[in-house]
$ cat run_25.pdb   # PDB, C-alpha atoms
ATOM      1  CA  MET R  99      -4.814 -70.809  -4.192
ATOM      2  CA  ASN R 100      -3.139 -67.607  -5.277
ATOM      3  CA  LEU R 101      -1.008 -67.003  -8.321
ATOM      4  CA  GLU R 102       2.187 -66.808  -6.300
ATOM      5  CA  ASN R 103       1.791 -70.414  -5.053
ATOM      6  CA  ILE R 104       1.546 -71.625  -8.642
ATOM      7  CA  VAL R 105       4.455 -69.454  -9.817
ATOM      8  CA  LYS R 106       6.686 -70.900  -7.078
ATOM      9  CA  ALA R 107       5.601 -74.525  -7.477
ATOM     10  CA  LEU R 108       6.111 -74.525 -11.261
ATOM     11  CA  ASN R 109       9.088 -72.189 -11.199
ATOM     12  CA  LEU R 110       7.461 -69.813 -13.714
ATOM     13  CA  ARG R 111       9.183 -66.604 -14.787
ATOM     14  CA  VAL R 112       6.951 -63.612 -14.164
ATOM     15  CA  VAL R 113       7.422 -60.996 -16.892
ATOM     16  CA  SER R 114       4.564 -58.596 -16.073
ATOM     17  CA  GLY R 115       1.916 -57.858 -13.473
ATOM     18  CA  GLU R 116       4.152 -58.783 -10.492
ATOM     19  CA  GLU R 117       1.888 -56.649  -8.302
ATOM     20  CA  LYS R 118      -1.071 -58.957  -8.985
ATOM     21  CA  LEU R 119       0.509 -62.237  -7.837
ATOM     22  CA  THR R 120      -1.651 -62.303  -4.733
ATOM     23  CA  ALA R 121      -4.727 -62.679  -6.958
ATOM     24  CA  GLU R 122      -6.864 -65.725  -6.257
ATOM     25  CA  VAL R 123      -6.854 -68.351  -9.029
ATOM     26  CA  LEU R 124     -10.377 -69.761  -9.287
ATOM     27  CA  GLY R 125      -9.824 -72.102 -12.232
ATOM     28  CA  GLY R 126      -7.983 -72.551 -15.474
ATOM     29  CA  TYR R 127      -8.595 -72.381 -19.202
ATOM     30  CA  VAL R 128      -6.524 -73.658 -22.099
ATOM     31  CA  GLY R 129      -6.786 -72.369 -25.639
ATOM     32  CA  ASP R 130      -5.170 -70.613 -28.562
ATOM     33  CA  LEU R 131      -8.398 -69.581 -30.309
ATOM     34  CA  LEU R 132      -9.321 -66.208 -28.900
ATOM     35  CA  SER R 133     -13.062 -66.510 -29.596
ATOM     36  CA  ASP R 134     -13.124 -69.799 -27.707
ATOM     37  CA  VAL R 135     -11.345 -68.242 -24.753
ATOM     38  CA  MET R 136     -13.660 -65.207 -24.873
ATOM     39  CA  ALA R 137     -16.766 -67.397 -24.865
ATOM     40  CA  ASN R 138     -15.815 -70.132 -22.410
ATOM     41  CA  SER R 139     -13.225 -68.953 -19.917
ATOM     42  CA  LYS R 140     -14.286 -67.458 -16.616
ATOM     43  CA  GLU R 141     -13.306 -64.693 -14.253
ATOM     44  CA  GLY R 142     -10.325 -65.696 -12.092
ATOM     45  CA  ASP R 143      -9.115 -68.325 -14.565
ATOM     46  CA  LEU R 144      -5.449 -68.829 -15.235
ATOM     47  CA  TRP R 145      -5.196 -68.877 -19.037
ATOM     48  CA  ILE R 146      -2.624 -71.226 -20.582
ATOM     49  CA  THR R 147      -1.751 -70.511 -24.213
ATOM     50  CA  ARG R 148       1.005 -70.199 -26.772
ATOM     51  CA  GLN R 149      -0.332 -67.036 -28.399
ATOM     52  CA  ILE R 150       2.126 -64.203 -27.793
ATOM     53  CA  HIS R 151       0.639 -61.171 -29.569
ATOM     54  CA  GLN R 152      -0.798 -58.199 -27.725
ATOM     55  CA  ASN R 153      -4.434 -59.194 -28.153
ATOM     56  CA  ILE R 154      -4.009 -61.802 -25.392
ATOM     57  CA  VAL R 155      -3.754 -58.917 -22.931
ATOM     58  CA  ALA R 156      -7.101 -57.496 -24.073
ATOM     59  CA  VAL R 157      -8.757 -60.915 -23.745
ATOM     60  CA  ALA R 158      -7.297 -61.603 -20.284
ATOM     61  CA  SER R 159      -8.252 -58.138 -19.123
ATOM     62  CA  LEU R 160     -11.812 -58.274 -20.548
ATOM     63  CA  LYS R 161     -12.387 -61.682 -18.956
ATOM     64  CA  ASP R 162     -10.733 -60.707 -15.628
ATOM     65  CA  HIS R 163      -8.333 -63.631 -15.776
ATOM     66  CA  ALA R 164      -5.925 -64.141 -12.884
ATOM     67  CA  GLY R 165      -3.065 -64.275 -15.405
ATOM     68  CA  ILE R 166      -1.598 -65.850 -18.545
ATOM     69  CA  ILE R 167       0.974 -68.664 -18.750
ATOM     70  CA  LEU R 168       2.926 -68.886 -22.018
ATOM     71  CA  ILE R 169       4.160 -72.422 -22.562
ATOM     72  CA  GLN R 170       7.016 -74.139 -24.400
ATOM     73  CA  GLY R 171       9.446 -71.233 -24.184
ATOM     74  CA  CYS R 172       7.073 -68.799 -25.946
ATOM     75  CA  LYS R 173       7.927 -65.217 -25.091
ATOM     76  CA  PRO R 174       5.493 -62.304 -25.273
ATOM     77  CA  ALA R 175       6.020 -59.872 -28.165
ATOM     78  CA  ALA R 176       7.460 -56.499 -27.120
ATOM     79  CA  ASP R 177       4.125 -54.684 -27.510
ATOM     80  CA  THR R 178       2.385 -57.475 -25.567
ATOM     81  CA  LEU R 179       4.764 -56.935 -22.677
ATOM     82  CA  ASP R 180       4.278 -53.150 -22.759
ATOM     83  CA  LYS R 181       0.534 -53.503 -22.723
ATOM     84  CA  ALA R 182       0.523 -56.153 -19.999
ATOM     85  CA  ARG R 183       2.729 -54.001 -17.769
ATOM     86  CA  LYS R 184       0.563 -50.956 -18.385
ATOM     87  CA  GLU R 185      -2.658 -52.818 -17.632
ATOM     88  CA  GLY R 186      -1.212 -54.923 -14.815
ATOM     89  CA  VAL R 187      -1.942 -58.293 -16.401
ATOM     90  CA  PRO R 188       0.374 -61.010 -15.046
ATOM     91  CA  ILE R 189       2.181 -62.962 -17.772
ATOM     92  CA  MET R 190       4.292 -65.948 -16.758
ATOM     93  CA  VAL R 191       6.591 -67.888 -19.079
ATOM     94  CA  THR R 192       7.958 -71.407 -18.895
ATOM     95  CA  ASP R 193       9.931 -73.838 -21.047
ATOM     96  CA  MET R 194       7.635 -76.691 -20.006
ATOM     97  CA  PRO R 195       5.330 -78.106 -22.676
ATOM     98  CA  GLY R 196       1.623 -77.356 -22.328
ATOM     99  CA  PHE R 197       0.614 -80.863 -21.264
ATOM    100  CA  GLU R 198       2.844 -80.740 -18.213
ATOM    101  CA  VAL R 199       1.901 -77.172 -17.267
ATOM    102  CA  ILE R 200      -1.804 -77.927 -17.522
ATOM    103  CA  GLY R 201      -1.500 -81.139 -15.492
ATOM    104  CA  ARG R 202       0.428 -79.497 -12.704
ATOM    105  CA  VAL R 203      -1.789 -76.408 -12.531
ATOM    106  CA  TYR R 204      -4.887 -78.619 -12.577
ATOM    107  CA  ASN R 205      -3.572 -80.744  -9.714
ATOM    108  CA  MET R 206      -2.766 -77.694  -7.629
ATOM    109  CA  ILE R 207      -6.209 -76.171  -8.141
ATOM    110  CA  ALA R 208      -8.079 -79.483  -7.828
ATOM    111  CA  THR R 209      -6.307 -80.527  -4.643
ATOM    112  CA  LYS R 210      -7.029 -77.145  -3.133
ATOM    113  CA  LYS R 211     -10.706 -77.361  -4.011
ATOM    114  CA  GLY R 212     -11.382 -80.976  -3.067
ATOM    115  CA  PRO R 213      -9.704 -84.067  -1.661
ATOM    116  CA  ASP R 214      -6.164 -84.744  -2.863
ATOM    117  CA  PRO R 215      -6.418 -87.232  -5.768
ATOM    118  CA  SER R 216      -2.840 -88.450  -5.262
ATOM    119  CA  PRO R 217      -2.080 -90.829  -2.342
TER     120      PRO R 217
ATOM    121  CA  MET M  49     -28.997 -59.629 -46.861
ATOM    122  CA  ALA M  50     -29.977 -59.997 -43.253
ATOM    123  CA  ALA M  51     -30.325 -62.497 -40.415
ATOM    124  CA  TRP M  52     -31.631 -62.009 -36.907
ATOM    125  CA  LYS M  53     -32.520 -63.523 -33.546
ATOM    126  CA  GLY M  54     -35.095 -62.425 -30.968
ATOM    127  CA  LEU M  55     -37.641 -59.628 -31.014
ATOM    128  CA  THR M  56     -37.996 -57.557 -34.123
ATOM    129  CA  THR M  57     -40.406 -54.968 -32.769
ATOM    130  CA  ASN M  58     -38.656 -51.705 -32.178
ATOM    131  CA  VAL M  59     -39.527 -51.237 -28.498
ATOM    132  CA  LEU M  60     -36.136 -49.750 -27.830
ATOM    133  CA  SER M  61     -36.690 -46.426 -29.544
ATOM    134  CA  HIS M  62     -39.313 -45.545 -26.917
ATOM    135  CA  GLU M  63     -36.868 -45.936 -24.069
ATOM    136  CA  THR M  64     -34.897 -42.926 -22.921
ATOM    137  CA  ALA M  65     -31.175 -43.442 -23.187
ATOM    138  CA  ILE M  66     -29.210 -42.842 -20.011
ATOM    139  CA  TYR M  67     -26.007 -43.111 -21.985
ATOM    140  CA  GLU M  68     -25.179 -42.937 -25.662
ATOM    141  CA  ASN M  69     -21.821 -42.718 -27.374
ATOM    142  CA  SER M  70     -19.961 -43.727 -30.498
ATOM    143  CA  PHE M  71     -16.419 -45.145 -30.513
ATOM    144  CA  PRO M  72     -14.302 -45.269 -33.689
ATOM    145  CA  VAL M  73     -12.551 -48.541 -34.581
ATOM    146  CA  GLU M  74      -9.572 -48.674 -36.931
ATOM    147  CA  GLY M  75      -9.777 -51.272 -39.688
ATOM    148  CA  GLY M  76      -6.938 -53.390 -41.045
ATOM    149  CA  THR M  77      -4.902 -53.523 -37.838
ATOM    150  CA  TYR M  78      -5.069 -55.282 -34.483
ATOM    151  CA  GLU M  79      -2.917 -52.682 -32.780
ATOM    152  CA  ASN M  80      -5.770 -51.206 -30.774
ATOM    153  CA  ALA M  81      -8.108 -54.212 -30.897
ATOM    154  CA  GLY M  82      -9.991 -54.581 -27.646
ATOM    155  CA  HIS M  83      -9.590 -50.926 -26.714
ATOM    156  CA  VAL M  84     -13.254 -50.037 -27.295
ATOM    157  CA  SER M  85     -14.416 -53.206 -25.522
ATOM    158  CA  SER M  86     -12.326 -52.265 -22.470
ATOM    159  CA  GLN M  87     -13.773 -48.757 -22.460
ATOM    160  CA  ILE M  88     -17.335 -50.055 -22.756
ATOM    161  CA  LYS M  89     -16.759 -52.658 -20.044
ATOM    162  CA  ALA M  90     -15.415 -49.981 -17.681
ATOM    163  CA  LEU M  91     -18.334 -47.643 -18.480
ATOM    164  CA  LEU M  92     -20.977 -50.314 -17.843
ATOM    165  CA  LYS M  93     -19.245 -51.358 -14.617
ATOM    166  CA  ARG M  94     -19.331 -47.749 -13.414
ATOM    167  CA  MET M  95     -23.078 -47.687 -14.168
ATOM    168  CA  LYS M  96     -23.412 -50.595 -11.672
ATOM    169  CA  ILE M  97     -24.885 -52.865 -14.316
ATOM    170  CA  SER M  98     -24.771 -56.546 -13.290
ATOM    171  CA  LYS M  99     -21.563 -58.481 -13.878
ATOM    172  CA  GLU M 100     -23.288 -60.917 -16.198
ATOM    173  CA  VAL M 101     -24.612 -58.172 -18.497
ATOM    174  CA  VAL M 102     -21.203 -56.461 -18.492
ATOM    175  CA  ARG M 103     -19.524 -59.772 -19.372
ATOM    176  CA  ARG M 104     -21.878 -60.383 -22.291
ATOM    177  CA  ALA M 105     -21.634 -56.790 -23.536
ATOM    178  CA  ALA M 106     -17.826 -56.938 -23.399
ATOM    179  CA  LEU M 107     -17.834 -60.190 -25.376
ATOM    180  CA  VAL M 108     -20.126 -59.037 -28.185
ATOM    181  CA  THR M 109     -18.236 -55.738 -28.432
ATOM    182  CA  TYR M 110     -14.886 -57.517 -28.567
ATOM    183  CA  GLU M 111     -15.949 -59.906 -31.306
ATOM    184  CA  SER M 112     -17.418 -57.007 -33.318
ATOM    185  CA  GLU M 113     -14.255 -55.011 -32.859
ATOM    186  CA  ILE M 114     -12.126 -57.941 -34.064
ATOM    187  CA  ASN M 115     -14.353 -58.288 -37.139
ATOM    188  CA  ILE M 116     -13.874 -54.613 -38.016
ATOM    189  CA  CYS M 117     -10.098 -54.934 -37.478
ATOM    190  CA  SER M 118     -10.008 -58.065 -39.652
ATOM    191  CA  TYR M 119     -12.288 -57.212 -42.542
ATOM    192  CA  ALA M 120     -13.212 -53.518 -42.729
ATOM    193  CA  ARG M 121     -11.523 -50.280 -43.734
ATOM    194  CA  SER M 122     -12.979 -48.464 -40.761
ATOM    195  CA  GLY M 123     -15.899 -48.676 -38.432
ATOM    196  CA  LYS M 124     -17.514 -47.628 -35.201
ATOM    197  CA  ILE M 125     -19.187 -49.147 -32.165
ATOM    198  CA  VAL M 126     -22.271 -47.344 -30.884
ATOM    199  CA  LEU M 127     -23.299 -47.952 -27.283
ATOM    200  CA  ARG M 128     -26.753 -47.045 -26.018
ATOM    201  CA  VAL M 129     -27.883 -47.799 -22.488
ATOM    202  CA  THR M 130     -31.467 -47.496 -21.274
ATOM    203  CA  PRO M 131     -32.776 -48.627 -17.872
ATOM    204  CA  GLU M 132     -33.868 -51.912 -19.519
ATOM    205  CA  HIS M 133     -31.354 -52.682 -22.255
ATOM    206  CA  VAL M 134     -27.770 -52.347 -23.398
ATOM    207  CA  THR M 135     -27.647 -51.900 -27.169
ATOM    208  CA  ILE M 136     -24.414 -52.235 -29.093
ATOM    209  CA  GLU M 137     -24.151 -51.559 -32.792
ATOM    210  CA  ALA M 138     -21.099 -52.264 -34.927
ATOM    211  CA  ILE M 139     -21.154 -50.378 -38.198
ATOM    212  CA  ASP M 140     -18.336 -50.660 -40.682
ATOM    213  CA  GLU M 141     -17.260 -49.545 -44.107
ATOM    214  CA  GLY M 142     -15.724 -52.525 -45.804
ATOM    215  CA  GLN M 143     -16.090 -55.468 -48.112
ATOM    216  CA  GLY M 144     -19.387 -56.679 -46.658
ATOM    217  CA  ILE M 145     -20.494 -60.304 -46.357
ATOM    218  CA  VAL M 146     -21.394 -62.248 -49.503
ATOM    219  CA  ASP M 147     -23.437 -64.998 -47.821
ATOM    220  CA  ILE M 148     -24.700 -64.166 -44.337
ATOM    221  CA  GLU M 149     -26.232 -67.596 -43.784
ATOM    222  CA  LEU M 150     -22.846 -69.188 -44.432
ATOM    223  CA  ALA M 151     -21.034 -66.587 -42.321
ATOM    224  CA  MET M 152     -23.334 -67.386 -39.404
ATOM    225  CA  GLN M 153     -22.347 -71.074 -39.494
ATOM    226  CA  GLU M 154     -19.984 -72.078 -36.719
ATOM    227  CA  GLY M 155     -16.543 -72.844 -38.111
ATOM    228  CA  TYR M 156     -17.032 -70.966 -41.386
ATOM    229  CA  SER M 157     -14.504 -68.203 -41.933
ATOM    230  CA  THR M 158     -12.962 -66.243 -44.775
ATOM    231  CA  ALA M 159      -9.973 -65.285 -42.625
ATOM    232  CA  THR M 160      -6.492 -65.234 -44.120
ATOM    233  CA  ASP M 161      -3.647 -67.370 -42.716
ATOM    234  CA  ARG M 162      -2.221 -64.283 -41.034
ATOM    235  CA  ILE M 163      -5.460 -63.737 -39.125
ATOM    236  CA  ARG M 164      -5.733 -67.431 -38.198
ATOM    237  CA  GLU M 165      -2.161 -67.602 -36.910
ATOM    238  CA  MET M 166      -3.122 -65.051 -34.298
ATOM    239  CA  GLY M 167      -5.934 -67.240 -33.037
ATOM    240  CA  PHE M 168      -8.694 -65.293 -34.773
ATOM    241  CA  GLY M 169     -10.745 -66.433 -37.740
ATOM    242  CA  ALA M 170     -11.957 -69.713 -36.244
ATOM    243  CA  GLY M 171     -15.472 -69.023 -37.486
ATOM    244  CA  MET M 172     -16.786 -68.474 -33.978
ATOM    245  CA  GLY M 173     -17.143 -64.703 -33.758
ATOM    246  CA  LEU M 174     -20.619 -64.154 -35.187
ATOM    247  CA  CYS M 175     -21.940 -67.267 -33.379
ATOM    248  CA  ASN M 176     -20.585 -65.951 -30.097
ATOM    249  CA  ILE M 177     -22.222 -62.589 -30.746
ATOM    250  CA  LYS M 178     -25.558 -64.238 -31.508
ATOM    251  CA  ASN M 179     -25.377 -66.586 -28.514
ATOM    252  CA  PHE M 180     -24.522 -63.886 -26.021
ATOM    253  CA  SER M 181     -27.166 -61.375 -27.218
ATOM    254  CA  ASP M 182     -30.895 -61.410 -26.478
ATOM    255  CA  PHE M 183     -31.537 -59.689 -29.801
ATOM    256  CA  PHE M 184     -29.178 -59.834 -32.735
ATOM    257  CA  ARG M 185     -29.485 -58.592 -36.285
ATOM    258  CA  ILE M 186     -26.936 -58.533 -39.069
ATOM    259  CA  THR M 187     -27.273 -56.755 -42.380
ATOM    260  CA  SER M 188     -24.601 -56.396 -45.003
ATOM    261  CA  GLU M 189     -24.083 -54.884 -48.391
ATOM    262  CA  ILE M 190     -21.276 -56.151 -50.612
ATOM    263  CA  GLY M 191     -18.631 -53.523 -51.188
ATOM    264  CA  LYS M 192     -20.216 -51.153 -48.681
ATOM    265  CA  GLY M 193     -20.134 -52.691 -45.252
ATOM    266  CA  THR M 194     -21.788 -54.581 -42.437
ATOM    267  CA  HIS M 195     -24.114 -53.509 -39.644
ATOM    268  CA  LEU M 196     -24.562 -55.576 -36.473
ATOM    269  CA  LYS M 197     -27.082 -54.769 -33.781
ATOM    270  CA  MET M 198     -26.971 -56.532 -30.434
ATOM    271  CA  VAL M 199     -29.328 -55.987 -27.506
ATOM    272  CA  ILE M 200     -28.781 -57.386 -24.024
ATOM    273  CA  ARG M 201     -31.586 -57.189 -21.490
ATOM    274  CA  ILE M 202     -30.694 -55.741 -18.122
ATOM    275  CA  ASP M 203     -32.329 -58.383 -15.975
ATOM    276  CA  LYS M 204     -31.349 -58.259 -12.345
ATOM    277  CA  ASP M 205     -32.363 -61.897 -11.803
ATOM    278  CA  PHE M 206     -30.478 -63.221 -14.815
ATOM    279  CA  ASP M 207     -28.265 -66.156 -13.803
ATOM    280  CA  GLY M 208     -26.104 -66.296 -16.871
ATOM    281  CA  ILE M 209     -25.834 -68.542 -19.871
TER     282      ILE M 209
END
$ encode --input "run_25.pdb" --output "structure tokens"
Amino acid sequence: MNLENIVKALNLRVVSGEEKLTAEVLGGYVGDLLSDVMANSKEGDLWITRQIHQNIVAVASLKDHAGIILIQGCKPAADTLDKARKEGVPIMVTDMPGFEVIGRVYNMIATKKGPDPSP
Amino acid sequence: MAAWKGLTTNVLSHETAIYENSFPVEGGTYENAGHVSSQIKALLKRMKISKEVVRRAALVTYESEINICSYARSGKIVLRVTPEHVTIEAIDEGQGIVDIELAMQEGYSTATDRIREMGFGAGMGLCNIKNFSDFFRITSEIGKGTHLKMVIRIDKDFDGI
């Protein structure tokens, strides 16, 4: 499952890191507390959050995340966008609420990894 | 005041450093937060140190950096690599910690609302640092500053936490 499949299926708007959309998504992590994300997320995770400040780029980059999805119409701050473009960290935005984004991303990753849970 | 985890014998001073450097960290702003951690991560990766050790070193450096940005006037991160260990020290000039035992408790934080709104200040930083280090020591003097020392063993067979 690469990032591009998820972007297309959920109709996400890609605002940075377009060149990294072929990256493999290995899992997902959800959180707005940066220490939690630092401690518990894994390499290749797609991080779903509503934090928009530039420190999310440092976290995603340090943890080698596949990308960041900002939910509920949250838009990255200007310096976040600059930094993400410079460092090539994909940020995607959507108007969907977190619950829906997480469910759909989970289904896509889970069905790819194992048997399809839906009939 | 002080608190620590792991070995207290100073075996490290007998090891020859293959790399040693100090990186300044600006206090009172998050503008460059994570910059030193990124540099250290890249350096350790270039040294072909295992992914797991790099991941842990990046985490403890990041949390230390955030603490300096949040609570200190200024500070520095000192990285020392020997064939056996990665040692990271975070030394700051700042307000210091009144009660280290309390500060080490998960969930305890003195962070302001501004810090918390950004997703910091959840009272997890020092616990993360302790959990991801093989040796950890914290000393602090009120009104002067705080000194963290973290050591991560370079163990080629280490499977991760």
$ resolve_selection --input "run_25.pdb" --expression "the PyMOL selection byres ((chain M) within 12 of (chain R))" --output "ChimeraX atom specification"
/M:77-90,93,99-100,102-115,117,154-155,163-180,208-209
$ resolve_selection --input "run_25.pdb" --expression "the PyMOL selection byres ((chain M and resi 131-135) around 10)" --output "PyMOL selection string"
chain M and resi 60+63-68+92+97+101-102+105+126-130+136-137+181-184+197-204
$ residues_around --input "run_25.pdb" --residues "Val105 (chain R)" --least-positions-apart "4" --cutoff "10 Å" --atoms "only C-alpha atoms" --output "ChimeraX atom specification"
/R:100-101,109-112,119,167,190-192,203
$ closest_residue --input "run_25.pdb" --among "M:Asp140, M:Thr160, M:Leu91, M:Gln153" --to "Ile116 (chain M)" --atoms "only C-alpha atoms"
M:Asp140
$ axis_aligned_box --input "run_25.pdb" --around "region 168-176 of chain R" --padding-each-side "8 Å" --output "lines of an AutoDock Vina configuration file"
center_x = 6.2
center_y = -65.3
center_z = -25.1
size_x = 22.5
size_y = 33.6
size_z = 22.1
$ atom_distance --input "run_25.pdb" --atom1 "CA of Ile125 (chain M)" --atom2 "CA of Pro188 (chain R)"
28.6 Å
$ resolve_selection --input "run_25.pdb" --expression "the PyMOL selection byres ((chain R and resi 195) around 6)" --output "list in words"
Ile169, Gln170, Met194, Gly196, Phe197 and Glu198 of chain R
